[in-house]
file input_8.cif (mmCIF, C-alpha atoms and all ligand atoms)
data_my_file
#
loop_
_atom_site.group_PDB
_atom_site.id
_atom_site.type_symbol
_atom_site.label_atom_id
_atom_site.label_comp_id
_atom_site.auth_asym_id
_atom_site.auth_seq_id
_atom_site.Cartn_x
_atom_site.Cartn_y
_atom_site.Cartn_z
ATOM 1 C CA MET J 24 103.148 107.564 116.368
ATOM 2 C CA GLU J 25 100.047 105.489 117.089
ATOM 3 C CA PRO J 26 98.501 104.598 113.720
ATOM 4 C CA ILE J 27 94.965 105.789 113.062
ATOM 5 C CA ILE J 28 92.247 105.246 110.466
ATOM 6 C CA ILE J 29 88.929 106.995 109.817
ATOM 7 C CA VAL J 30 86.249 106.000 107.286
ATOM 8 C CA HIS J 31 83.042 107.494 105.895
ATOM 9 C CA GLY J 32 80.085 105.768 104.276
ATOM 10 C CA GLY J 33 78.620 108.691 102.366
ATOM 11 C CA ALA J 34 76.802 111.956 102.916
ATOM 12 C CA GLY J 35 73.153 112.415 101.948
ATOM 13 C CA ASP J 36 69.498 112.199 102.904
ATOM 14 C CA ILE J 37 70.018 108.788 104.457
ATOM 15 C CA PRO J 38 66.624 107.350 105.470
ATOM 16 C CA GLN J 39 66.142 105.889 108.949
ATOM 17 C CA SER J 40 65.745 102.399 107.470
ATOM 18 C CA ARG J 41 69.392 102.504 106.314
ATOM 19 C CA VAL J 42 71.004 104.008 109.418
ATOM 20 C CA GLN J 43 71.865 100.834 111.342
ATOM 21 C CA GLY J 44 73.209 99.019 108.274
ATOM 22 C CA LYS J 45 75.484 101.925 107.507
ATOM 23 C CA LEU J 46 76.742 102.159 111.078
ATOM 24 C CA ASN J 47 77.467 98.419 111.109
ATOM 25 C CA GLY J 48 79.283 98.800 107.795
ATOM 26 C CA VAL J 49 81.541 101.706 108.779
ATOM 27 C CA LYS J 50 82.456 99.990 112.062
ATOM 28 C CA ALA J 51 83.436 96.775 110.249
ATOM 29 C CA SER J 52 85.334 98.755 107.624
ATOM 30 C CA VAL J 53 87.397 100.788 110.082
ATOM 31 C CA ALA J 54 88.214 97.630 112.058
ATOM 32 C CA ALA J 55 89.513 95.925 108.882
ATOM 33 C CA GLY J 56 91.810 98.879 108.197
ATOM 34 C CA GLN J 57 92.927 99.200 111.795
ATOM 35 C CA GLN J 58 93.962 95.538 111.916
ATOM 36 C CA ILE J 59 96.361 96.121 109.032
ATOM 37 C CA LEU J 60 97.815 99.209 110.708
ATOM 38 C CA ALA J 61 98.210 97.385 114.036
ATOM 39 C CA GLN J 62 100.243 94.680 112.323
ATOM 40 C CA GLY J 63 102.595 97.310 110.958
ATOM 41 C CA GLY J 64 100.935 97.436 107.541
ATOM 42 C CA SER J 65 100.966 100.513 105.362
ATOM 43 C CA ALA J 66 98.356 103.254 105.327
ATOM 44 C CA LEU J 67 97.796 102.488 101.628
ATOM 45 C CA ASP J 68 96.941 98.839 102.320
ATOM 46 C CA ALA J 69 94.754 99.849 105.279
ATOM 47 C CA VAL J 70 92.619 102.344 103.338
ATOM 48 C CA GLU J 71 92.238 99.900 100.451
ATOM 49 C CA ALA J 72 91.079 97.118 102.799
ATOM 50 C CA ALA J 73 88.618 99.428 104.552
ATOM 51 C CA VAL J 74 87.110 100.546 101.239
ATOM 52 C CA VAL J 75 87.001 96.993 99.802
ATOM 53 C CA LEU J 76 84.760 95.985 102.700
ATOM 54 C CA MET J 77 82.318 98.802 101.932
ATOM 55 C CA GLU J 78 82.430 98.003 98.187
ATOM 56 C CA LYS J 79 81.062 94.552 99.111
ATOM 57 C CA ASP J 80 78.248 95.963 101.236
ATOM 58 C CA GLU J 81 75.010 96.994 99.533
ATOM 59 C CA TYR J 82 74.432 99.647 102.204
ATOM 60 C CA PHE J 83 77.015 101.771 100.398
ATOM 61 C CA ASN J 84 77.168 103.427 96.998
ATOM 62 C CA ALA J 85 80.354 101.702 95.811
ATOM 63 C CA GLY J 86 81.035 98.310 94.244
ATOM 64 C CA TYR J 87 77.975 96.089 94.759
ATOM 65 C CA GLY J 88 75.047 98.414 95.477
ATOM 66 C CA SER J 89 76.336 101.321 93.391
ATOM 67 C CA VAL J 90 73.654 103.679 92.114
ATOM 68 C CA LEU J 91 72.621 103.496 88.447
ATOM 69 C CA ASN J 92 73.027 105.833 85.495
ATOM 70 C CA LEU J 93 70.174 106.825 83.192
ATOM 71 C CA SER J 94 70.633 103.581 81.227
ATOM 72 C CA GLY J 95 70.270 101.505 84.381
ATOM 73 C CA GLU J 96 73.966 100.593 84.475
ATOM 74 C CA VAL J 97 76.604 100.757 87.188
ATOM 75 C CA GLU J 98 79.545 103.040 86.295
ATOM 76 C CA MET J 99 82.001 103.196 89.198
ATOM 77 C CA GLU J 100 84.957 105.428 90.068
ATOM 78 C CA ALA J 101 87.732 105.308 92.671
ATOM 79 C CA SER J 102 90.974 106.996 93.637
ATOM 80 C CA ILE J 103 93.813 106.392 96.065
ATOM 81 C CA MET J 104 96.747 108.611 97.062
ATOM 82 C CA CYS J 105 99.998 108.079 98.929
ATOM 83 C CA GLY J 106 101.141 111.061 101.011
ATOM 84 C CA LYS J 107 104.786 109.989 101.058
ATOM 85 C CA ASN J 108 105.544 110.902 97.451
ATOM 86 C CA LEU J 109 102.127 112.190 96.220
ATOM 87 C CA ASP J 110 101.677 109.114 94.010
ATOM 88 C CA VAL J 111 98.095 108.641 92.852
ATOM 89 C CA GLY J 112 95.972 106.016 91.116
ATOM 90 C CA ALA J 113 92.411 106.481 89.900
ATOM 91 C CA VAL J 114 89.848 104.784 87.682
ATOM 92 C CA THR J 115 86.539 105.839 86.203
ATOM 93 C CA LEU J 116 83.662 104.364 84.163
ATOM 94 C CA ILE J 117 84.262 100.874 85.584
ATOM 95 C CA LYS J 118 81.317 98.565 84.813
ATOM 96 C CA ASP J 119 82.277 94.987 85.511
ATOM 97 C CA PHE J 120 84.781 94.672 88.353
ATOM 98 C CA SER J 121 83.890 94.192 92.012
ATOM 99 C CA HIS J 122 86.593 96.404 93.528
ATOM 100 C CA PRO J 123 87.459 99.620 91.677
ATOM 101 C CA ILE J 124 89.634 100.740 94.599
ATOM 102 C CA SER J 125 91.952 97.757 94.132
ATOM 103 C CA ILE J 126 92.340 98.597 90.437
ATOM 104 C CA ALA J 127 93.081 102.224 91.398
ATOM 105 C CA HIS J 128 95.760 100.967 93.801
ATOM 106 C CA LYS J 129 97.365 99.023 90.933
ATOM 107 C CA VAL J 130 97.283 102.169 88.769
ATOM 108 C CA LEU J 131 99.252 103.846 91.570
ATOM 109 C CA THR J 132 101.825 101.063 91.858
ATOM 110 C CA ASN J 133 102.013 99.617 88.337
ATOM 111 C CA SER J 134 101.182 102.330 85.807
ATOM 112 C CA PRO J 135 103.008 105.440 84.591
ATOM 113 C CA HIS J 136 99.571 107.116 84.491
ATOM 114 C CA SER J 137 97.343 108.528 87.229
ATOM 115 C CA LEU J 138 93.778 108.072 85.953
ATOM 116 C CA LEU J 139 92.476 105.391 83.606
ATOM 117 C CA GLY J 140 88.895 105.243 82.339
ATOM 118 C CA GLY J 141 86.438 102.961 80.586
ATOM 119 C CA GLU J 142 87.853 100.441 78.132
ATOM 120 C CA GLY J 143 91.453 101.413 78.933
ATOM 121 C CA ALA J 144 90.890 100.838 82.634
ATOM 122 C CA LYS J 145 89.357 97.454 81.827
ATOM 123 C CA ILE J 146 92.339 96.415 79.678
ATOM 124 C CA PHE J 147 94.701 97.525 82.460
ATOM 125 C CA ALA J 148 92.722 95.659 85.138
ATOM 126 C CA LEU J 149 92.651 92.443 83.115
ATOM 127 C CA GLY J 150 96.399 92.761 82.586
ATOM 128 C CA MET J 151 96.845 93.077 86.354
ATOM 129 C CA GLY J 152 94.938 89.838 86.908
ATOM 130 C CA PHE J 153 91.552 91.200 87.998
ATOM 131 C CA SER J 154 88.539 89.148 86.865
ATOM 132 C CA THR J 155 85.386 90.661 85.455
ATOM 133 C CA VAL J 156 81.988 90.006 86.983
ATOM 134 C CA PRO J 157 78.635 90.242 85.167
ATOM 135 C CA PRO J 158 77.652 93.940 85.400
ATOM 136 C CA GLU J 159 74.160 92.986 86.606
ATOM 137 C CA SER J 160 75.682 91.172 89.605
ATOM 138 C CA LEU J 161 76.647 94.600 90.987
ATOM 139 C CA ILE J 162 73.078 95.936 90.854
ATOM 140 C CA SER J 163 71.051 95.856 94.075
ATOM 141 C CA GLU J 164 67.261 96.102 94.381
ATOM 142 C CA ASN J 165 67.780 99.293 96.315
ATOM 143 C CA ALA J 166 69.696 100.895 93.449
ATOM 144 C CA LYS J 167 66.966 99.890 90.978
ATOM 145 C CA ASN J 168 64.302 101.405 93.234
ATOM 146 C CA ALA J 169 66.374 104.574 93.606
ATOM 147 C CA LEU J 170 66.667 104.999 89.820
ATOM 148 C CA ASN J 171 62.954 104.332 89.314
ATOM 149 C CA ASP J 172 62.130 106.918 91.923
ATOM 150 C CA PHE J 173 64.558 109.381 90.352
ATOM 151 C CA LEU J 174 62.945 108.870 86.934
ATOM 152 C CA LYS J 175 59.531 109.628 88.449
ATOM 153 C CA HIS J 176 60.420 112.546 90.722
ATOM 154 C CA GLY J 177 64.124 113.169 90.658
ATOM 155 C CA GLU J 178 66.038 116.358 90.448
ATOM 156 C CA PHE J 179 69.622 115.464 89.637
ATOM 157 C CA GLY J 180 72.079 116.660 92.183
ATOM 158 C CA ARG J 181 69.998 116.923 95.325
ATOM 159 C CA THR J 182 71.380 113.715 96.756
ATOM 160 C CA GLU J 183 73.710 110.904 95.857
ATOM 161 C CA ILE J 184 70.846 108.509 96.314
ATOM 162 C CA GLY J 185 67.908 109.993 94.474
ATOM 163 C CA ILE J 186 65.265 108.603 96.822
ATOM 164 C CA LYS J 187 64.512 109.455 100.383
ATOM 165 C CA ASP J 188 62.710 106.364 101.602
ATOM 166 C CA GLU J 189 64.673 103.444 100.216
ATOM 167 C CA GLY J 190 67.931 104.400 98.663
ATOM 168 C CA GLY J 191 70.187 105.297 101.565
ATOM 169 C CA VAL J 192 73.577 104.603 100.113
ATOM 170 C CA GLY J 193 76.662 106.783 99.811
ATOM 171 C CA THR J 194 80.184 107.139 98.454
ATOM 172 C CA VAL J 195 82.805 105.572 100.720
ATOM 173 C CA GLY J 196 86.267 106.650 101.806
ATOM 174 C CA ALA J 197 89.106 106.072 104.257
ATOM 175 C CA VAL J 198 92.058 108.110 105.540
ATOM 176 C CA ALA J 199 94.919 106.571 107.526
ATOM 177 C CA VAL J 200 98.260 107.459 109.059
ATOM 178 C CA ASP J 201 100.488 104.428 109.634
ATOM 179 C CA CYS J 202 103.165 103.866 112.256
ATOM 180 C CA ASN J 203 105.803 105.188 109.855
ATOM 181 C CA CYS J 204 103.838 108.473 109.703
ATOM 182 C CA HIS J 205 102.763 107.921 106.103
ATOM 183 C CA VAL J 206 99.324 109.234 105.122
ATOM 184 C CA ALA J 207 97.043 107.538 102.561
ATOM 185 C CA VAL J 208 93.498 108.155 101.340
ATOM 186 C CA ALA J 209 91.064 106.034 99.302
ATOM 187 C CA THR J 210 87.614 106.964 97.950
ATOM 188 C CA SER J 211 85.176 104.872 95.873
ATOM 189 C CA THR J 212 81.705 105.536 94.455
ATOM 190 C CA GLY J 213 78.931 104.632 92.066
ATOM 191 C CA GLY J 214 78.301 108.353 91.585
ATOM 192 C CA MET J 215 74.784 109.760 91.632
ATOM 193 C CA SER J 216 71.476 108.122 90.750
ATOM 194 C CA GLY J 217 70.226 109.179 87.324
ATOM 195 C CA LYS J 218 73.600 110.497 86.155
ATOM 196 C CA ALA J 219 74.214 110.698 82.413
ATOM 197 C CA VAL J 220 76.059 107.802 80.815
ATOM 198 C CA GLY J 221 79.762 108.683 80.916
ATOM 199 C CA ARG J 222 79.384 111.308 83.660
ATOM 200 C CA ILE J 223 82.527 111.573 85.785
ATOM 201 C CA GLY J 224 82.263 113.057 89.273
ATOM 202 C CA ASP J 225 84.630 114.196 91.986
ATOM 203 C CA THR J 226 85.740 110.844 93.357
ATOM 204 C CA PRO J 227 88.431 109.933 90.783
ATOM 205 C CA GLN J 228 89.674 113.522 90.573
ATOM 206 C CA ILE J 229 92.649 114.102 92.844
ATOM 207 C CA GLY J 230 92.149 117.209 94.947
ATOM 208 C CA SER J 231 88.361 116.859 94.766
ATOM 209 C CA GLY J 232 87.514 113.404 96.144
ATOM 210 C CA THR J 233 90.887 112.484 97.608
ATOM 211 C CA TYR J 234 94.129 114.103 98.768
ATOM 212 C CA ALA J 235 97.069 112.939 100.903
ATOM 213 C CA ASP J 236 100.322 114.647 101.822
ATOM 214 C CA ASP J 237 102.629 113.369 104.577
ATOM 215 C CA ASN J 238 103.599 116.988 105.303
ATOM 216 C CA ILE J 239 99.989 117.961 106.109
ATOM 217 C CA GLY J 240 97.408 115.140 106.277
ATOM 218 C CA GLY J 241 94.681 113.436 104.242
ATOM 219 C CA VAL J 242 91.053 114.003 103.190
ATOM 220 C CA SER J 243 88.279 111.914 101.580
ATOM 221 C CA THR J 244 85.053 113.634 100.478
ATOM 222 C CA THR J 245 81.475 112.637 99.665
ATOM 223 C CA GLY J 246 78.398 114.452 98.392
ATOM 224 C CA HIS J 247 77.425 116.416 95.300
ATOM 225 C CA GLY J 248 80.205 115.625 92.849
ATOM 226 C CA GLU J 249 79.819 118.572 90.491
ATOM 227 C CA SER J 250 80.113 120.977 93.442
ATOM 228 C CA ILE J 251 82.961 119.109 95.142
ATOM 229 C CA LEU J 252 85.078 119.170 92.002
ATOM 230 C CA LYS J 253 84.417 122.869 91.309
ATOM 231 C CA TYR J 254 85.542 123.645 94.854
ATOM 232 C CA CYS J 255 88.450 121.128 94.880
ATOM 233 C CA LEU J 256 87.099 120.235 98.286
ATOM 234 C CA ALA J 257 89.758 117.778 99.460
ATOM 235 C CA HIS J 258 92.620 120.080 98.481
ATOM 236 C CA SER J 259 90.833 123.118 99.968
ATOM 237 C CA ILE J 260 90.836 121.354 103.332
ATOM 238 C CA ILE J 261 94.528 120.453 102.951
ATOM 239 C CA LYS J 262 95.390 124.097 102.173
ATOM 240 C CA LEU J 263 93.416 125.300 105.214
ATOM 241 C CA MET J 264 95.408 122.902 107.413
ATOM 242 C CA GLU J 265 98.654 123.997 105.805
ATOM 243 C CA SER J 266 97.855 127.579 106.769
ATOM 244 C CA GLY J 267 97.415 126.621 110.420
ATOM 245 C CA ASN J 268 93.861 125.384 110.958
ATOM 246 C CA ASP J 269 93.334 122.154 112.882
ATOM 247 C CA ALA J 270 91.758 119.227 111.012
ATOM 248 C CA ASN J 271 88.227 119.752 112.306
ATOM 249 C CA THR J 272 88.193 123.520 111.731
ATOM 250 C CA ALA J 273 89.630 123.158 108.220
ATOM 251 C CA THR J 274 87.039 120.511 107.331
ATOM 252 C CA LYS J 275 84.144 122.635 108.604
ATOM 253 C CA ILE J 276 85.328 125.831 106.885
ATOM 254 C CA ALA J 277 85.679 124.116 103.506
ATOM 255 C CA VAL J 278 82.452 122.074 103.649
ATOM 256 C CA ASP J 279 80.459 125.159 104.714
ATOM 257 C CA GLY J 280 82.281 127.271 102.142
ATOM 258 C CA MET J 281 81.392 124.876 99.323
ATOM 259 C CA THR J 282 77.768 124.638 100.421
ATOM 260 C CA ASN J 283 77.367 128.411 100.773
ATOM 261 C CA ARG J 284 78.985 129.096 97.418
ATOM 262 C CA LEU J 285 77.373 126.339 95.358
ATOM 263 C CA ASN J 286 74.179 125.525 97.268
ATOM 264 C CA ASN J 287 74.806 121.776 97.370
ATOM 265 C CA THR J 288 75.845 119.486 100.189
ATOM 266 C CA ALA J 289 78.960 117.479 100.956
ATOM 267 C CA GLY J 290 80.879 115.816 103.742
ATOM 268 C CA ALA J 291 84.525 115.080 104.447
ATOM 269 C CA ILE J 292 86.759 113.132 106.804
ATOM 270 C CA THR J 293 90.232 114.417 107.567
ATOM 271 C CA LEU J 294 93.333 113.374 109.477
ATOM 272 C CA SER J 295 96.245 115.680 110.147
ATOM 273 C CA LYS J 296 99.725 114.160 109.805
ATOM 274 C CA THR J 297 99.749 113.767 113.607
ATOM 275 C CA GLY J 298 96.392 111.969 113.695
ATOM 276 C CA ASP J 299 94.032 114.807 114.653
ATOM 277 C CA VAL J 300 90.534 114.088 113.358
ATOM 278 C CA GLY J 301 88.196 116.273 111.288
ATOM 279 C CA ILE J 302 84.597 115.293 110.467
ATOM 280 C CA ASN J 303 82.002 117.573 108.915
ATOM 281 C CA PHE J 304 78.958 117.347 106.628
ATOM 282 C CA SER J 305 76.340 119.790 105.365
ATOM 283 C CA SER J 306 73.975 116.977 104.293
ATOM 284 C CA ASN J 307 71.398 115.603 106.720
ATOM 285 C CA ARG J 308 73.530 112.602 107.626
ATOM 286 C CA MET J 309 76.955 111.054 107.010
ATOM 287 C CA ALA J 310 78.128 107.733 108.461
ATOM 288 C CA TRP J 311 81.684 107.742 109.814
ATOM 289 C CA ALA J 312 83.904 105.809 112.251
ATOM 290 C CA TYR J 313 87.440 105.930 113.564
ATOM 291 C CA ILE J 314 89.559 103.938 116.004
ATOM 292 C CA LYS J 315 91.968 105.639 118.381
ATOM 293 C CA SER J 316 93.511 104.639 121.728
ATOM 294 C CA ASN J 317 91.538 101.370 122.056
ATOM 295 C CA LYS J 318 88.227 103.086 121.402
ATOM 296 C CA ILE J 319 85.961 103.078 118.370
ATOM 297 C CA PHE J 320 84.124 106.346 117.742
ATOM 298 C CA TYR J 321 81.254 106.489 115.247
ATOM 299 C CA GLY J 322 78.159 108.451 114.239
ATOM 300 C CA ILE J 323 75.754 109.436 111.494
ATOM 301 C CA GLU J 324 73.727 112.392 112.859
ATOM 302 C CA LYS J 325 74.976 115.952 113.259
ATOM 303 C CA ASN J 326 76.697 116.494 116.634
ATOM 304 C CA GLU J 327 76.476 112.780 117.474
ATOM 305 C CA VAL J 328 79.480 110.769 118.666
ATOM 306 C CA HIS J 329 79.151 107.207 119.983
ATOM 307 C CA GLU J 330 82.121 105.672 121.758
ATOM 308 C CA GLU J 331 82.850 102.014 122.600
ATOM 309 C CA GLU J 332 85.830 100.102 123.917
ATOM 310 C CA TYR J 333 87.789 98.466 121.113
ATOM 311 C CA VAL J 334 90.314 95.744 121.839
ATOM 312 C CA SER J 335 93.020 95.888 119.228
ATOM 313 C CA GLU J 336 96.442 94.394 118.760
ATOM 314 C CA LYS J 337 99.290 96.457 120.154
ATOM 315 C CA PRO J 338 100.730 98.263 117.146
ATOM 316 C CA SER J 339 104.063 96.915 115.961
ATOM 317 C CA CYS J 340 105.923 98.690 113.201
ATOM 318 C CA LYS J 341 107.520 96.764 110.374
HETATM 319 N N1 LIG M 1 80.391 112.198 95.259
HETATM 320 C C1 LIG M 1 80.027 111.228 94.340
HETATM 321 C C2 LIG M 1 79.651 111.744 93.045
HETATM 322 O O1 LIG M 1 79.027 112.786 92.934
HETATM 323 O O2 LIG M 1 79.967 111.132 92.058
#
call {"tool": "encode", "arguments": {"input": "input_8.cif", "output": "structure tokens", "more": "lines below"}}
Ligand code: GLY
result
Amino acid sequence: MEPIIIVHGGAGDIPQSRVQGKLNGVKASVAAGQQILAQGGSALDAVEAAVVLMEKDEYFNAGYGSVLNLSGEVEMEASIMCGKNLDVGAVTLIKDFSHPISIAHKVLTNSPHSLLGGEGAKIFALGMGFSTVPPESLISENAKNALNDFLKHGEFGRTEIGIKDEGGVGTVGAVAVDCNCHVAVATSTGGMSGKAVGRIGDTPQIGSGTYADDNIGGVSTTGHGESILKYCLAHSIIKLMESGNDANTATKIAVDGMTNRLNNTAGAITLSKTGDVGINFSSNRMAWAYIKSNKIFYGIEKNEVHEEEYVSEKPSCK
């Protein structure tokens, strides 16, 4: 089949001042992943590359630019899943590495465990050859402003960003199907502004932030972590597809279902195993992009789809 990749750059009350930066970021991210797929690379490598790009970009709540906890620190989380054999890798409470998603990928490939946190994740990452960075080098001005605003006015849980005017960042994720029909999903986040120290959200929890199964498809979610994990949002969408719903219908039913039941917002991107696309969000905005049939599709507003020609290499399977 023709390989395909879709990415999201977070659901939330994204202010207008952050819209263009986010759109630029998701378009660059999806192109990085698509290039790997076009060269016959694996879905796992493609979703990691797409997420790495957004972890470098301060327009997103992952890696550099992650939101801050109540102590003013970055504590990041990420997960990755391979739909071929349901292998997973996840990390949480990461403070001083630039790319949590790459550490999660190593947990998948090089650890007997699925989820490593805090000091243990750091020891594992160092053993795998990752270098630490000063924790303060991951903190953006925007994230500081968002925490300050949260401390003045915030109500935890209303948004990933905690501030409406300045802080438009969001969890990131990618879903891909490669030319060998393998599905993979990656999701990475700084969590929510003003979270308690040690708080763990949905993103590193398989079935909540991430799920991939070659027999069905893949999902990456974003939004209010405590609600997403109660609802097992990613796996709910997978189950709805398994019972016959198309990717878009399944995504809408589950996102609406979570929001109606728990009164908080979320978003999700979905691919079926045959490359059908699902995109839905109950927040005000969610940045997303995908590349299919030499076109790049992208958007951030509800019911908005932009479409441009995209010249890509002819896919060649390895
Ligand atoms: N969805 C990101 C978080 O709540 O941690």
call {"tool": "closest_residue", "arguments": {"input": "input_8.cif", "among": "J:Val70, J:Leu263, J:Leu76, J:Ala85", "to": "Ile239 of chain J", "atoms": "only C-alpha atoms"}}
result
J:Leu263
call {"tool": "residues_near_point", "arguments": {"input": "input_8.cif", "point": "(86.1, 105.9, 111.8)", "cutoff": "12 Å", "atoms": "all atoms listed in the file", "output": "compact mmCIF listing (two decimals) with C-alpha atoms, in the frame of the given file"}}
result
# COMPACT_ATOMS: atom_id res chain seq x y z
CA ILE J 27 94.96 105.79 113.06
CA ILE J 28 92.25 105.25 110.47
CA ILE J 29 88.93 107.00 109.82
CA VAL J 30 86.25 106.00 107.29
CA HIS J 31 83.04 107.49 105.90
CA GLY J 32 80.08 105.77 104.28
CA LEU J 46 76.74 102.16 111.08
CA ASN J 47 77.47 98.42 111.11
CA GLY J 48 79.28 98.80 107.80
CA VAL J 49 81.54 101.71 108.78
CA LYS J 50 82.46 99.99 112.06
CA ALA J 51 83.44 96.78 110.25
CA SER J 52 85.33 98.76 107.62
CA VAL J 53 87.40 100.79 110.08
CA ALA J 54 88.21 97.63 112.06
CA ALA J 55 89.51 95.92 108.88
CA GLY J 56 91.81 98.88 108.20
CA GLN J 57 92.93 99.20 111.80
CA VAL J 70 92.62 102.34 103.34
CA ALA J 73 88.62 99.43 104.55
CA VAL J 74 87.11 100.55 101.24
CA VAL J 195 82.80 105.57 100.72
CA GLY J 196 86.27 106.65 101.81
CA ALA J 197 89.11 106.07 104.26
CA VAL J 198 92.06 108.11 105.54
CA ALA J 199 94.92 106.57 107.53
CA ALA J 291 84.52 115.08 104.45
CA ILE J 292 86.76 113.13 106.80
CA THR J 293 90.23 114.42 107.57
CA LEU J 294 93.33 113.37 109.48
CA VAL J 300 90.53 114.09 113.36
CA GLY J 301 88.20 116.27 111.29
CA ILE J 302 84.60 115.29 110.47
CA MET J 309 76.96 111.05 107.01
CA ALA J 310 78.13 107.73 108.46
CA TRP J 311 81.68 107.74 109.81
CA ALA J 312 83.90 105.81 112.25
CA TYR J 313 87.44 105.93 113.56
CA ILE J 314 89.56 103.94 116.00
CA LYS J 315 91.97 105.64 118.38
CA LYS J 318 88.23 103.09 121.40
CA ILE J 319 85.96 103.08 118.37
CA PHE J 320 84.12 106.35 117.74
CA TYR J 321 81.25 106.49 115.25
CA GLY J 322 78.16 108.45 114.24
CA ILE J 323 75.75 109.44 111.49
CA VAL J 328 79.48 110.77 118.67
CA HIS J 329 79.15 107.21 119.98
CA GLU J 330 82.12 105.67 121.76
CA GLU J 331 82.85 102.01 122.60
call {"tool": "closest_residue", "arguments": {"input": "input_8.cif", "among": "J:Gly193, J:Gly64, J:Gly224, J:Gly112", "to": "Gly88 of chain J", "atoms": "all atoms listed in the file"}}
result
J:Gly193
call {"tool": "residues_near_ligand", "arguments": {"input": "input_8.cif", "ligand": "ligand LIG 1 (chain M)", "cutoff": "6 Å", "atoms": "all atoms listed in the file", "output": "list in words"}}
result
Thr194, Thr212, Gly214, Met215, Gly224, Asp225, Thr226, Thr245, Gly246, His247 and Gly248 of chain J
call {"tool": "axis_aligned_box", "arguments": {"input": "input_8.cif", "around": "segment 153-172 of chain J", "padding_each_side": "3 Å", "output": "lines of an AutoDock Vina configuration file"}}
result
center_x = 76.8
center_y = 98.0
center_z = 90.7
size_x = 35.4
size_y = 23.8
size_z = 17.1
call {"tool": "build_atoms", "arguments": {"input": "input_8.cif", "residues": "segment 214-230 of chain J", "atoms": "N, CA and C atoms", "output": "compact mmCIF listing (two decimals), in the coordinates of the input"}}
result
# COMPACT_ATOMS: atom_id res chain seq x y z
N GLY J 214 78.72 107.05 92.12
CA GLY J 214 78.30 108.35 91.58
C GLY J 214 76.95 108.77 92.11
N MET J 215 76.10 109.28 91.22
CA MET J 215 74.78 109.76 91.63
C MET J 215 73.70 109.10 90.79
N SER J 216 72.61 108.74 91.44
CA SER J 216 71.48 108.12 90.75
C SER J 216 71.01 109.02 89.60
N GLY J 217 70.76 108.41 88.44
CA GLY J 217 70.23 109.18 87.32
C GLY J 217 71.26 110.02 86.62
N LYS J 218 72.54 109.75 86.86
CA LYS J 218 73.60 110.50 86.16
C LYS J 218 73.59 110.11 84.68
N ALA J 219 74.09 111.00 83.84
CA ALA J 219 74.21 110.70 82.41
C ALA J 219 75.23 109.58 82.22
N VAL J 220 75.06 108.80 81.17
CA VAL J 220 76.06 107.80 80.82
C VAL J 220 77.37 108.53 80.53
N GLY J 221 78.46 108.06 81.15
CA GLY J 221 79.76 108.68 80.92
C GLY J 221 80.06 109.86 81.82
N ARG J 222 79.12 110.20 82.72
CA ARG J 222 79.38 111.31 83.66
C ARG J 222 80.51 110.92 84.62
N ILE J 223 81.44 111.80 84.83
CA ILE J 223 82.53 111.57 85.78
C ILE J 223 82.41 112.61 86.89
N GLY J 224 82.45 112.15 88.14
CA GLY J 224 82.26 113.06 89.27
C GLY J 224 83.57 113.43 89.94
N ASP J 225 83.48 113.72 91.21
CA ASP J 225 84.63 114.20 91.99
C ASP J 225 85.56 113.07 92.44
N THR J 226 85.00 111.89 92.65
CA THR J 226 85.74 110.84 93.36
C THR J 226 87.07 110.46 92.70
N PRO J 227 87.13 110.32 91.36
CA PRO J 227 88.43 109.93 90.78
C PRO J 227 89.35 111.13 90.55
N GLN J 228 88.88 112.32 90.89
CA GLN J 228 89.67 113.52 90.57
C GLN J 228 90.46 113.94 91.82
N ILE J 229 91.77 113.82 91.71
CA ILE J 229 92.65 114.10 92.84
C ILE J 229 92.54 115.58 93.19
N GLY J 230 92.38 115.84 94.50
CA GLY J 230 92.15 117.21 94.95
C GLY J 230 90.69 117.49 95.18
